[in-house]
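Next comes structure-v7.cif, a file with mmCIF, C-alpha atoms and all ligand atoms.
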data_input
#
loop_
_atom_site.label_atom_id
_atom_site.label_comp_id
_atom_site.auth_asym_id
_atom_site.auth_seq_id
_atom_site.Cartn_x
_atom_site.Cartn_y
_atom_site.Cartn_z
CA MET A 1 112.20 284.55 125.88
CA ASP A 2 113.42 282.31 123.08
CA ILE A 3 110.13 281.71 121.26
CA GLN A 4 111.49 279.17 118.77
CA ALA A 5 112.95 277.07 121.59
CA LEU A 6 109.73 277.31 123.59
CA ILE A 7 107.61 276.13 120.66
CA ALA A 8 110.07 273.36 119.86
CA GLN A 9 109.87 272.13 123.47
CA ALA A 10 106.05 272.29 123.44
CA GLU A 11 105.93 270.41 120.16
CA ARG A 12 108.16 267.63 121.53
CA ASP A 13 105.93 267.34 124.60
CA CYS A 14 102.85 267.02 122.37
CA ALA A 15 104.21 264.25 120.14
CA SER A 16 102.31 261.33 121.68
CA VAL A 17 99.08 263.34 121.96
CA PHE A 18 99.36 264.23 118.26
CA ALA A 19 99.96 260.59 117.35
CA ALA A 20 96.73 259.57 119.11
CA LEU A 21 94.79 262.26 117.23
CA GLU A 22 96.09 260.98 113.92
CA GLU A 23 94.75 257.52 114.76
CA THR A 24 91.30 259.03 115.33
CA GLU A 25 91.63 260.94 112.06
CA ILE A 26 92.23 257.70 110.16
CA LYS A 27 89.23 255.99 111.76
CA ASN A 28 86.95 258.95 111.07
CA THR A 29 88.18 259.32 107.49
CA ARG A 30 87.37 255.65 106.99
CA ARG A 31 83.86 256.23 108.39
CA VAL A 32 83.35 259.10 105.93
CA LEU A 33 84.62 257.05 102.99
CA ASP A 34 82.36 254.14 103.99
CA ALA A 35 79.34 256.47 104.04
CA PHE A 36 80.25 257.94 100.63
CA ARG A 37 80.68 254.47 99.17
CA ALA A 38 77.46 253.18 100.67
CA GLU A 39 75.58 256.05 99.01
CA ASP A 40 77.57 255.67 95.79
CA ILE A 41 78.50 259.36 95.72
CA ALA A 42 79.40 260.55 92.22
CA ALA A 43 79.93 263.83 90.36
CA ARG A 44 76.22 264.00 89.52
CA HIS A 45 75.53 264.67 93.22
CA PHE A 46 77.31 268.02 92.97
CA ALA A 47 74.82 269.42 90.42
CA PRO A 48 72.95 272.57 91.45
CA THR A 49 69.17 272.84 91.33
CA THR A 50 66.68 275.69 91.20
CA GLY A 51 63.09 276.39 92.20
CA TYR A 52 61.34 273.84 94.39
CA GLY A 53 64.19 271.37 94.15
CA TYR A 54 62.00 268.27 93.79
CA ASP A 55 64.25 265.29 93.18
CA ASP A 56 67.41 267.17 94.16
CA VAL A 57 69.69 264.11 94.23
CA GLY A 58 72.70 266.00 95.63
CA ARG A 59 70.70 267.27 98.59
CA ASP A 60 69.04 263.91 99.31
CA ALA A 61 72.28 261.91 99.08
CA LEU A 62 74.13 264.39 101.30
CA GLU A 63 71.42 263.96 103.92
CA ARG A 64 71.71 260.17 103.71
CA VAL A 65 75.51 260.38 104.07
CA PHE A 66 75.12 262.46 107.24
CA ALA A 67 72.51 260.07 108.62
CA ARG A 68 74.90 257.14 108.12
CA LEU A 69 77.82 258.96 109.73
CA PHE A 70 75.75 259.79 112.78
CA GLY A 71 74.20 256.33 113.05
CA ALA A 72 70.87 258.12 112.66
CA GLU A 73 67.66 257.25 110.81
CA SER A 74 67.62 260.51 108.88
CA ALA A 75 69.17 263.93 108.59
CA ILE A 76 68.53 267.46 107.39
CA VAL A 77 71.59 269.09 105.81
CA ARG A 78 70.86 272.43 104.21
CA PRO A 79 72.73 275.48 102.96
CA SER A 80 69.51 277.39 103.65
CA ILE A 81 69.92 277.05 107.44
CA ALA A 82 71.88 280.22 108.21
CA CYS A 83 74.01 279.07 111.16
CA GLY A 84 74.19 276.81 114.19
CA THR A 85 71.79 278.94 116.22
CA ALA A 86 69.24 278.81 113.38
CA ALA A 87 69.45 274.98 113.31
CA LEU A 88 69.14 274.70 117.10
CA SER A 89 66.20 277.08 117.06
CA LEU A 90 64.58 275.12 114.22
CA CYS A 91 65.01 271.95 116.27
CA LEU A 92 63.43 273.45 119.39
CA PHE A 93 60.47 274.92 117.52
CA GLY A 94 60.00 271.59 115.74
CA LEU A 95 59.94 269.52 118.91
CA LEU A 96 58.22 271.82 121.43
CA LEU A 97 54.58 272.88 121.60
CA PRO A 98 52.88 275.49 123.83
CA GLY A 99 52.73 274.18 127.40
CA ASP A 100 55.83 272.00 127.01
CA GLU A 101 59.01 272.43 129.04
CA LEU A 102 62.61 272.47 127.83
CA LEU A 103 65.18 271.17 130.33
CA SER A 104 68.89 271.90 129.94
CA ALA A 105 71.03 269.14 131.46
CA THR A 106 74.24 271.18 131.11
CA GLY A 107 73.46 274.42 132.94
CA THR A 108 73.11 277.73 131.16
CA PRO A 109 73.22 277.17 127.40
CA TYR A 110 75.26 279.03 124.77
CA ASP A 111 74.66 282.79 124.64
CA THR A 112 72.52 282.89 121.50
CA MET A 113 70.34 280.08 122.85
CA GLU A 114 69.44 282.19 125.87
CA THR A 115 67.80 284.62 123.46
CA VAL A 116 65.98 281.85 121.55
CA ILE A 117 64.64 280.41 124.81
CA GLY A 118 63.72 283.83 126.21
CA LEU A 119 66.09 283.53 129.17
CA SER A 120 67.63 286.83 128.20
CA GLY A 121 66.08 289.70 126.28
CA ASN A 122 62.64 289.74 124.83
CA ALA A 123 63.17 288.85 121.18
CA PRO A 124 59.87 288.53 119.31
CA GLY A 125 59.05 284.92 118.51
CA ASN A 126 61.12 283.34 121.28
CA LEU A 127 60.09 280.06 122.95
CA LYS A 128 58.78 281.84 126.03
CA GLU A 129 56.36 283.87 123.94
CA MET A 130 55.11 280.61 122.42
CA GLY A 131 54.35 279.32 125.92
CA VAL A 132 57.30 276.98 126.35
CA SER A 133 58.78 276.98 129.85
CA TYR A 134 62.42 276.36 130.69
CA ASN A 135 64.46 274.82 133.49
CA GLN A 136 68.09 273.83 133.91
CA VAL A 137 70.24 271.48 135.97
CA GLU A 138 73.80 272.54 136.72
CA MET A 139 76.66 270.20 135.89
CA ALA A 140 78.10 268.22 138.79
CA ASP A 141 81.59 267.51 140.12
CA ASN A 142 83.03 270.93 139.55
CA GLN A 143 81.30 271.30 136.14
CA THR A 144 82.80 268.12 134.74
CA LYS A 145 79.79 265.85 134.32
CA ILE A 146 76.03 265.70 133.93
CA ASP A 147 74.12 265.37 137.20
CA VAL A 148 72.01 262.37 136.17
CA PRO A 149 69.92 262.09 139.40
CA GLY A 150 69.41 265.87 139.23
CA VAL A 151 68.13 265.63 135.66
CA LEU A 152 65.75 262.77 136.53
CA ALA A 153 64.45 264.73 139.53
CA ALA A 154 63.83 267.79 137.34
CA LEU A 155 61.65 265.95 134.80
CA LYS A 156 58.04 267.15 134.85
CA PRO A 157 55.02 265.65 133.10
CA ASN A 158 55.32 268.41 130.48
CA THR A 159 59.09 268.09 129.93
CA LYS A 160 59.39 267.39 126.20
CA VAL A 161 63.03 268.12 125.33
CA VAL A 162 66.22 267.56 127.32
CA LEU A 163 69.06 269.66 125.89
CA ILE A 164 72.71 268.61 126.24
CA GLN A 165 75.40 271.04 125.13
CA ARG A 166 78.54 269.16 124.19
CA SER A 167 80.98 272.05 123.97
CA ARG A 168 82.16 274.23 126.82
CA GLY A 169 81.06 277.17 124.70
CA TYR A 170 82.55 280.20 126.37
CA ALA A 171 82.22 278.96 129.94
CA TRP A 172 84.83 277.44 132.22
CA ARG A 173 83.16 274.00 132.22
CA ALA A 174 84.25 270.69 130.73
CA SER A 175 83.10 269.63 127.29
CA LEU A 176 81.42 266.23 127.05
CA ARG A 177 82.49 263.28 124.95
CA PRO A 178 79.57 261.37 123.38
CA GLU A 179 80.08 258.33 125.62
CA GLU A 180 79.74 260.60 128.65
CA MET A 181 76.16 261.35 127.55
CA LYS A 182 75.13 257.69 127.40
CA GLU A 183 74.11 257.41 131.05
CA VAL A 184 71.74 260.37 131.05
CA ILE A 185 70.27 259.45 127.65
CA GLU A 186 69.48 255.93 128.82
CA ALA A 187 68.21 257.04 132.22
CA VAL A 188 65.80 259.61 130.74
CA HIS A 189 64.57 257.28 128.01
CA ALA A 190 64.04 254.47 130.54
CA VAL A 191 61.50 256.53 132.47
CA ARG A 192 60.25 258.79 129.68
CA PRO A 193 60.66 257.37 126.18
CA ASP A 194 58.50 260.21 124.84
CA ILE A 195 61.13 262.85 125.68
CA PHE A 196 63.42 264.05 122.89
CA ILE A 197 67.09 264.25 123.84
CA MET A 198 68.70 266.91 121.75
CA VAL A 199 72.44 267.57 121.60
CA ASP A 200 74.00 270.88 120.65
CA ASN A 201 76.96 269.22 118.91
CA CYS A 202 78.61 272.47 117.74
CA TYR A 203 82.43 272.25 117.77
CA GLY A 204 82.31 268.53 118.59
CA GLU A 205 82.07 266.59 115.31
CA PHE A 206 84.91 264.18 114.45
CA ILE A 207 86.84 264.76 117.66
CA CYS A 208 85.87 261.32 118.90
CA GLU A 209 85.12 258.19 116.91
CA THR A 210 81.41 258.36 117.66
CA GLU A 211 78.69 261.02 117.89
CA PRO A 212 75.94 261.40 120.52
CA THR A 213 73.32 259.77 118.23
CA HIS A 214 75.36 256.55 118.49
CA TYR A 215 74.36 256.49 122.17
CA GLY A 216 70.68 257.11 121.60
CA ALA A 217 70.39 260.91 121.44
CA ASP A 218 67.25 261.69 119.42
CA VAL A 219 68.86 264.52 117.50
CA CYS A 220 72.30 266.07 117.06
CA VAL A 221 72.63 269.62 115.71
CA GLY A 222 75.64 271.49 114.34
CA SER A 223 76.94 274.17 112.01
CA LEU A 224 78.62 273.53 108.66
CA ILE A 225 80.97 276.47 109.11
CA LYS A 226 82.44 274.67 112.10
CA ASN A 227 83.78 271.09 112.21
CA ALA A 228 81.41 269.21 109.88
CA GLY A 229 81.99 271.54 106.93
CA GLY A 230 85.72 270.91 106.99
CA GLY A 231 86.46 274.58 106.27
CA LEU A 232 85.06 274.26 102.74
CA ALA A 233 81.28 274.41 103.21
CA PRO A 234 80.36 278.06 102.56
CA THR A 235 77.30 278.12 104.85
CA GLY A 236 74.61 275.85 106.34
CA ALA A 237 73.88 273.50 109.20
CA TYR A 238 72.76 269.92 109.84
CA LEU A 239 70.43 267.98 112.13
CA ALA A 240 70.71 264.17 112.34
CA GLY A 241 68.52 261.90 114.38
CA ALA A 242 65.54 259.63 114.84
CA ASN A 243 62.67 259.74 112.35
CA ARG A 244 60.23 260.77 115.09
CA ALA A 245 62.32 263.93 115.71
CA ILE A 246 63.29 264.73 112.11
CA ALA A 247 59.66 264.34 110.96
CA ARG A 248 58.59 267.15 113.29
CA ILE A 249 61.61 269.36 112.52
CA GLU A 250 61.27 269.09 108.74
CA ALA A 251 57.74 270.44 109.00
CA ARG A 252 59.20 273.67 110.44
CA LEU A 253 62.11 273.68 107.96
CA THR A 254 59.72 274.22 105.06
CA ALA A 255 56.03 273.52 105.76
CA PRO A 256 53.94 270.69 107.18
CA GLY A 257 53.47 268.22 104.34
CA LEU A 258 56.44 269.52 102.36
CA GLY A 259 59.25 268.71 104.78
CA ARG A 260 62.51 267.71 103.17
CA GLU A 261 60.98 267.18 99.71
CA VAL A 262 61.64 270.79 98.70
CA GLY A 263 64.63 273.10 98.83
CA SER A 264 67.00 273.84 95.96
CA TYR A 265 70.56 275.15 95.91
CA ALA A 266 71.65 277.10 92.85
CA ALA A 267 75.37 276.52 93.42
CA SER A 268 77.32 273.27 93.48
CA TYR A 269 77.04 270.85 96.40
CA GLN A 270 80.68 269.91 95.88
CA PRO A 271 82.04 272.03 98.81
CA PHE A 272 79.64 270.25 101.18
CA TYR A 273 80.79 266.79 100.11
CA GLN A 274 84.44 267.77 99.89
CA GLY A 275 84.22 269.62 103.20
CA LEU A 276 82.75 266.56 104.90
CA PHE A 277 85.54 264.46 103.38
CA MET A 278 88.10 266.94 104.75
CA ALA A 279 86.44 267.35 108.15
CA PRO A 280 88.28 264.58 110.08
CA HIS A 281 91.59 266.06 108.86
CA THR A 282 90.66 269.70 109.40
CA VAL A 283 89.40 268.98 112.92
CA THR A 284 92.70 267.24 113.68
CA GLN A 285 94.63 270.30 112.47
CA ALA A 286 92.52 272.54 114.71
CA LEU A 287 93.02 270.21 117.69
CA LYS A 288 96.77 270.11 117.16
CA THR A 289 96.81 273.91 117.11
CA ALA A 290 94.80 274.06 120.36
CA ILE A 291 97.04 271.48 122.04
CA LEU A 292 100.26 273.22 120.98
CA ALA A 293 98.89 276.51 122.36
CA ALA A 294 97.90 274.80 125.62
CA ARG A 295 101.33 273.24 126.10
CA THR A 296 103.16 276.45 125.18
CA PHE A 297 101.28 278.52 127.76
CA GLU A 298 101.55 275.76 130.36
CA LEU A 299 105.34 275.95 129.92
CA LEU A 300 105.01 279.68 130.57
CA GLY A 301 103.22 278.88 133.84
CA MET A 302 99.74 279.94 132.73
CA LYS A 303 96.43 278.22 133.42
CA THR A 304 94.78 276.43 130.48
CA THR A 305 91.70 274.29 130.04
CA PRO A 306 91.76 271.61 128.87
CA ALA A 307 95.37 270.73 129.71
CA TYR A 308 97.38 269.77 126.61
CA ASP A 309 97.15 266.05 127.35
CA ALA A 310 93.57 265.92 128.67
CA PRO A 311 90.83 264.11 126.69
CA ARG A 312 88.93 266.55 124.48
CA ALA A 313 85.38 266.74 123.19
CA ASP A 314 85.47 270.10 121.39
CA ILE A 315 88.02 272.28 119.58
CA ILE A 316 88.02 275.17 122.07
CA GLN A 317 91.13 276.04 124.06
CA ALA A 318 90.80 278.43 127.00
CA ILE A 319 93.92 280.21 128.24
CA GLU A 320 93.98 282.55 131.24
CA MET A 321 96.11 285.54 130.28
CA GLY A 322 95.70 287.18 133.70
CA ASP A 323 96.34 290.64 132.29
CA PRO A 324 94.42 292.81 129.78
CA GLN A 325 97.56 293.95 127.90
CA LYS A 326 98.70 290.35 127.36
CA LEU A 327 95.24 289.36 126.20
CA ILE A 328 95.04 292.19 123.65
CA ALA A 329 98.56 291.42 122.36
CA PHE A 330 97.71 287.72 121.97
CA VAL A 331 94.54 288.43 119.98
CA GLN A 332 96.31 291.02 117.80
CA GLY A 333 99.14 288.55 117.13
CA ILE A 334 96.66 285.90 115.94
CA GLN A 335 94.96 288.43 113.64
CA ALA A 336 98.29 289.58 112.19
CA ALA A 337 99.01 286.00 111.10
CA SER A 338 95.61 285.50 109.40
CA PRO A 339 95.41 284.80 105.66
CA ILE A 340 92.59 287.37 105.32
CA ASP A 341 92.44 290.85 106.92
CA ALA A 342 95.91 290.44 108.41
CA SER A 343 96.34 294.22 108.60
CA ALA A 344 93.21 294.71 110.72
CA VAL A 345 94.08 295.45 114.37
CA PRO A 346 91.47 294.05 116.79
CA GLU A 347 90.45 296.31 119.69
CA PRO A 348 88.03 295.68 122.59
CA TRP A 349 84.55 296.94 121.68
CA ASP A 350 81.02 297.09 123.08
CA MET A 351 79.37 294.19 121.29
CA PRO A 352 75.56 294.31 121.46
CA GLY A 353 74.18 291.86 124.01
CA TYR A 354 77.39 291.50 126.03
CA THR A 355 78.00 293.11 129.45
CA ASP A 356 81.79 293.39 129.09
CA GLN A 357 83.76 294.64 126.13
CA VAL A 358 84.82 291.87 123.73
CA ILE A 359 87.93 291.47 121.57
CA MET A 360 88.13 289.08 118.61
CA ALA A 361 90.58 287.91 115.99
CA ALA A 362 89.16 286.32 112.84
CA GLY A 363 90.66 286.49 109.40
CA THR A 364 88.67 283.85 107.58
CA PHE A 365 87.88 282.79 104.01
CA VAL A 366 84.31 281.84 104.99
CA GLY A 367 82.79 284.80 106.85
CA GLY A 368 83.02 284.21 110.59
CA ALA A 369 83.84 280.51 110.26
CA SER A 370 85.26 279.38 113.57
CA ILE A 371 86.73 276.15 112.18
CA GLU A 372 89.22 278.65 110.77
CA LEU A 373 91.69 280.02 113.32
CA SER A 374 90.00 282.56 115.58
CA ALA A 375 90.36 283.92 119.10
CA ASP A 376 87.92 285.83 121.25
CA ALA A 377 87.66 287.09 124.79
CA PRO A 378 85.48 289.18 127.06
CA MET A 379 87.53 291.98 128.69
CA ARG A 380 87.17 290.83 132.30
CA ALA A 381 89.39 289.20 134.91
CA PRO A 382 91.03 286.67 134.71
CA TYR A 383 91.31 287.70 131.04
CA THR A 384 90.62 284.29 129.53
CA VAL A 385 91.04 283.98 125.79
CA TYR A 386 89.22 281.29 123.80
CA LEU A 387 91.18 279.98 120.83
CA GLN A 388 89.65 277.68 118.24
CA GLY A 389 90.04 276.39 114.72
CA GLY A 390 92.92 276.38 112.28
CA LEU A 391 92.66 274.82 108.83
CA THR A 392 96.30 273.76 108.92
CA TYR A 393 98.63 273.07 111.82
CA ALA A 394 101.37 275.06 110.07
CA HIS A 395 99.15 278.14 110.18
CA GLY A 396 98.27 277.48 113.82
CA LYS A 397 101.93 277.27 114.75
CA ILE A 398 102.86 280.42 112.81
CA ALA A 399 99.98 282.32 114.43
CA LEU A 400 101.04 281.17 117.89
CA ILE A 401 104.58 282.43 117.24
CA SER A 402 103.11 285.74 116.04
CA ALA A 403 101.02 286.01 119.24
CA LEU A 404 104.04 285.28 121.46
CA GLU A 405 106.09 287.90 119.60
CA LYS A 406 103.36 290.52 120.13
CA MET A 407 103.21 289.62 123.84
CA ALA A 408 106.99 289.79 124.31
C1 LIG B 1 78.76 278.03 117.61
C2 LIG B 1 77.85 277.46 118.60
C3 LIG B 1 76.46 277.61 118.50
C4 LIG B 1 75.79 278.30 117.36
O1 LIG B 1 76.41 279.41 116.92
P1 LIG B 1 76.32 280.01 115.46
O2 LIG B 1 77.32 281.07 115.56
O3 LIG B 1 74.94 280.48 115.30
O4 LIG B 1 76.67 278.95 114.47
C5 LIG B 1 75.68 277.05 119.47
N1 LIG B 1 76.21 276.36 120.49
C6 LIG B 1 77.53 276.20 120.61
C7 LIG B 1 78.07 275.40 121.75
C8 LIG B 1 78.39 276.73 119.67
O5 LIG B 1 79.70 276.53 119.77
#

Represent the supplied structure as structure tokens.
Amino acid sequence: MDIQALIAQAERDCASVFAALEETEIKNTRRVLDAFRAEDIAARHFAPTTGYGYDDVGRDALERVFARLFGAESAIVRPSIACGTAALSLCLFGLLLPGDELLSATGTPYDTMETVIGLSGNAPGNLKEMGVSYNQVEMADNQTKIDVPGVLAALKPNTKVVLIQRSRGYAWRASLRPEEMKEVIEAVHAVRPDIFIMVDNCYGEFICETEPTHYGADVCVGSLIKNAGGGLAPTGAYLAGANRAIARIEARLTAPGLGREVGSYAASYQPFYQGLFMAPHTVTQALKTAILAARTFELLGMKTTPAYDAPRADIIQAIEMGDPQKLIAFVQGIQAASPIDASAVPEPWDMPGYTDQVIMAAGTFVGGASIELSADAPMRAPYTVYLQGGLTYAHGKIALISALEKMA
């Protein structure tokens, strides 16, 4: 196989898809700049604070910038929220009370959320222990869209939160663009304005020109070591939404009565601002990497989802390797081309909480950041690998060549 020729062919095929992405990047960069200008962001907003953090101007302005970008009334953006799961959990515990029901409109949620809800395991402090019940509606039309009549039929008097997961996560379902959530958001709010519609927006920010809050979602939640941190934010997560949702969530973030008024950060806020500024570009680089990989493996006759030229709503690329040896070689090739830990050789291992062995490649500057190039896969037929991230397209392309060489 002539790898250089294969990649060159794939790249030619992707040209018009790449051009469309760059248009979106320009529009989203303009949206970020408009939000920065509207909040008059200046160097003083980078200044660290200590202790309670009363009057932390950097923190408050960053939250207002996020609120503007999401077309939301307010936002919580904090380095102190450990990861995406922590922010999603915070959101659920803020909105739900004992006796309430949580309804997932997109089938089984992301792995770690199953533990938070109490669907799997028996982790102390989960929602089930607090007396919150759970129900889910499967996606319709071969897992491509939300079953709106099904969701309406599943609403109970005690349903308090409807959860929509934007990304495919690690399932063979479609991801959802924000406009595809509009119908269910409006239908639920029309009959039950009291219900909070919450979107797990992880992996989705800046892929489209809008976010789910622009269509009436009550709150959008995501990690800063994925898209919205632009590869520069060292940690943290955000929640953006309606005041009626944020007011409840901020009481759980710190304490009732304290809310968002406290919380210091003893390092500079600069990487959060600069990361947000970079995010539309970084996300485009990651998407180009995913699309090049999709096209390359399609040319090799393998099954990919989404197809290289399909509309996208998250940065994840699934590729069916069909064979355990190919899968392992692919993941090892990605690792070997990482900027960090390039000499580590990934092997399948028994990861706690997973039924099958798992193999992962991640050589990242920010520990575990999946906006940086990473690949992971459970060791089971049809040996599907999930590829995501890439801070630069050049790195994505080099890593893809490395993976193809290992597979050859
Ligand atoms: C990444 C992710 C999460 C949260 O994961 P963390 O690793 O805790 O940040 C939740 N849902 C989806 C769809 C995700 O992609």

| said: Neighbouring residues of region 192-195 of chain A were defined as those with any atom within 10 Å, considering only C-alpha atoms; residues of the same chain fewer than 3 positions away were excluded. Please report them as JSON, numbers by chain. | reply: {"A": [95, 102, 152, 155, 157, 158, 159, 160, 161, 162, 185, 186, 187, 188, 189, 198, 218, 244]}

| said: List the spatial neighbours of Leu327 (chain A) as an NGL selection string - criterion: any atom at most 10 Å away, all atoms listed in the file, same-chain residues fewer than 2 positions off excluded. | reply: :A and (319-325 or 329-333 or 359 or 376-379 or 382-385 or 403 or 407)

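Here CA of Gly390 (chain A) is placed at a distance of 8.6 Å from CA of Ala290 (chain A).
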
Residues of chain A within 10 Å of ligand LIG 1 (chain B): nearest atom pair and distance (Å, one decimal) for each, counting only C-alpha atoms and all ligand atoms, sorted by chain and number, as a tab-separated table?
residue	atom	partner	partner_atom	distance
A:Ile81	CA	B:LIG1	O4	9.9
A:Ala82	CA	B:LIG1	O3	7.7
A:Cys83	CA	B:LIG1	O4	4.2
A:Gly84	CA	B:LIG1	O4	3.3
A:Thr85	CA	B:LIG1	O3	3.6
A:Ala86	CA	B:LIG1	O3	6.2
A:Ala87	CA	B:LIG1	O3	8.0
A:Leu88	CA	B:LIG1	C5	7.3
A:Ser89	CA	B:LIG1	O3	9.5
A:Pro109	CA	B:LIG1	N1	7.6
A:Tyr110	CA	B:LIG1	N1	5.1
A:Asp111	CA	B:LIG1	C5	7.8
A:Thr112	CA	B:LIG1	C5	6.9
A:Met113	CA	B:LIG1	C5	7.0
A:Ile164	CA	B:LIG1	C7	9.7
A:Gln165	CA	B:LIG1	C7	6.1
A:Arg166	CA	B:LIG1	C7	6.7
A:Ser167	CA	B:LIG1	C7	5.0
A:Arg168	CA	B:LIG1	C7	6.6
A:Gly169	CA	B:LIG1	C7	4.6
A:Tyr170	CA	B:LIG1	C7	8.0
A:Ala171	CA	B:LIG1	C7	9.8
A:Ser175	CA	B:LIG1	C7	9.4
A:Val199	CA	B:LIG1	N1	9.6
A:Asp200	CA	B:LIG1	N1	5.9
A:Asn201	CA	B:LIG1	C7	6.9
A:Cys202	CA	B:LIG1	O5	4.7
A:Tyr203	CA	B:LIG1	O5	5.5
A:Gly204	CA	B:LIG1	O5	8.5
A:Val221	CA	B:LIG1	C5	8.9
A:Gly222	CA	B:LIG1	C3	7.4
A:Ser223	CA	B:LIG1	O4	5.4
A:Leu224	CA	B:LIG1	O4	8.2
A:Ile225	CA	B:LIG1	O4	7.3
A:Lys226	CA	B:LIG1	C1	7.4
A:Thr235	CA	B:LIG1	O4	9.7
A:Gly236	CA	B:LIG1	O4	8.9
A:Ala237	CA	B:LIG1	O4	8.1
A:Asp314	CA	B:LIG1	O5	8.8
A:Ile315	CA	B:LIG1	O5	9.3
A:Ile316	CA	B:LIG1	O5	8.7
A:Gly368	CA	B:LIG1	O2	8.2
A:Ala369	CA	B:LIG1	O2	8.4
A:Ser370	CA	B:LIG1	C1	7.8
A:Ile371	CA	B:LIG1	C1	9.8

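Going from CA of Gly231 (chain A) over to CA of Trp349 (chain A), you cover 27.2 Å.
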
| said: With 10 Å as the threshold, what does the neighbourhood of (91.2, 294.7, 109.0) contain in terms of residues, counting all atoms listed in the file? Coordinates are those of the file; answer as a list in words. | reply: Gln335, Ala336, Ile340, Asp341, Ala342, Ser343, Ala344, Val345, Pro346, Ala361, Ala362 and Gly363 of chain A

Save out the residues we just selected, C-alpha atoms, as an mmCIF file, in the coordinates of the input.
data_model
loop_
_atom_site.group_PDB
_atom_site.id
_atom_site.type_symbol
_atom_site.label_atom_id
_atom_site.label_comp_id
_atom_site.auth_asym_id
_atom_site.auth_seq_id
_atom_site.Cartn_x
_atom_site.Cartn_y
_atom_site.Cartn_z
ATOM 1 C CA GLN A 335 94.960 288.430 113.640
ATOM 2 C CA ALA A 336 98.290 289.580 112.190
ATOM 3 C CA ILE A 340 92.590 287.370 105.320
ATOM 4 C CA ASP A 341 92.440 290.850 106.920
ATOM 5 C CA ALA A 342 95.910 290.440 108.410
ATOM 6 C CA SER A 343 96.340 294.220 108.600
ATOM 7 C CA ALA A 344 93.210 294.710 110.720
ATOM 8 C CA VAL A 345 94.080 295.450 114.370
ATOM 9 C CA PRO A 346 91.470 294.050 116.790
ATOM 10 C CA ALA A 361 90.580 287.910 115.990
ATOM 11 C CA ALA A 362 89.160 286.320 112.840
ATOM 12 C CA GLY A 363 90.660 286.490 109.400
#

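The nearest approach to Arg59 (chain A) among the residues A:Gly230, A:Pro256, A:Gly263, A:Gly94, with only C-alpha atoms taken into account, belongs to A:Gly263.
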
| field | For Ala42 (chain A): contacts at 12 Å, all atoms listed in the file, fewer than 5 positions along chain excluded, given as a ChimeraX atom specification | value | /A:36-37,47,57-58,61-62,269-270,273-274

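CA of Met181 (chain A) is positioned 28.7 Å from CA of Arg260 (chain A).
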
| Taking (68.1, 263.0, 115.0) in the file's coordinates as the center, which residues reach within 10 Å of it, counting only C-alpha atoms, put as number ranges by chain? | A: 67, 70-76, 91, 196-199, 212-213, 216-221, 238-247, 249

Excluding same-chain residues fewer than 3 positions from Leu299 (chain A), what lies within 8 Å of it counting only C-alpha atoms, as a CSV table (one decimal) with C-alpha atoms, in the frame of the given file?
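Generated output (around_32.csv):
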chain,number,residue,atom,x,y,z
A,6,LEU,CA,109.7,277.3,123.6
A,10,ALA,CA,106.0,272.3,123.4
A,295,ARG,CA,101.3,273.2,126.1
A,296,THR,CA,103.2,276.4,125.2
A,302,MET,CA,99.7,279.9,132.7

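Of the listed residues (A:Pro178, A:Gly389, A:Pro149, A:Pro352), A:Gly389 comes nearest to Thr282 (chain A); the distances count all atoms listed in the file.
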
Is it possible to get the axis-aligned box enclosing region 208-217 of chain A (all listed atoms, 8 Å extra per side) as JSON, with centre and edge lengths in Å rounded to one decimal?
{"center_x": 78.1, "center_y": 258.9, "center_z": 119.5, "size_x": 31.5, "size_y": 20.9, "size_z": 21.3}

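With all atoms listed in the file as the atoms that count, the residue of A:Glu129, A:Ile334, A:Gly121, A:Gln136 with the shortest distance to Ala105 (chain A) is A:Gln136.
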
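Residue nearest Leu253 (chain A), chosen from A:Thr304, A:Ser80, A:Ser16, A:Thr364 and counting all atoms listed in the file: A:Ser80.
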
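Proximity to Ser268 (chain A) was assessed for A:Glu101, A:Asp56, A:Glu372, A:Glu114 counting only C-alpha atoms; the smallest distance is recorded for A:Asp56.
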
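The shell of residues at most 8 Å from region 25-33 of chain A, with all atoms listed in the file counted and near chain neighbours (fewer than 2 positions) removed, consists of Leu21, Glu22, Glu23, Ala35, Phe36, Arg37, Leu69, Phe206, Glu209, Leu276, Phe277, Pro280, His281 and Thr284 of chain A.
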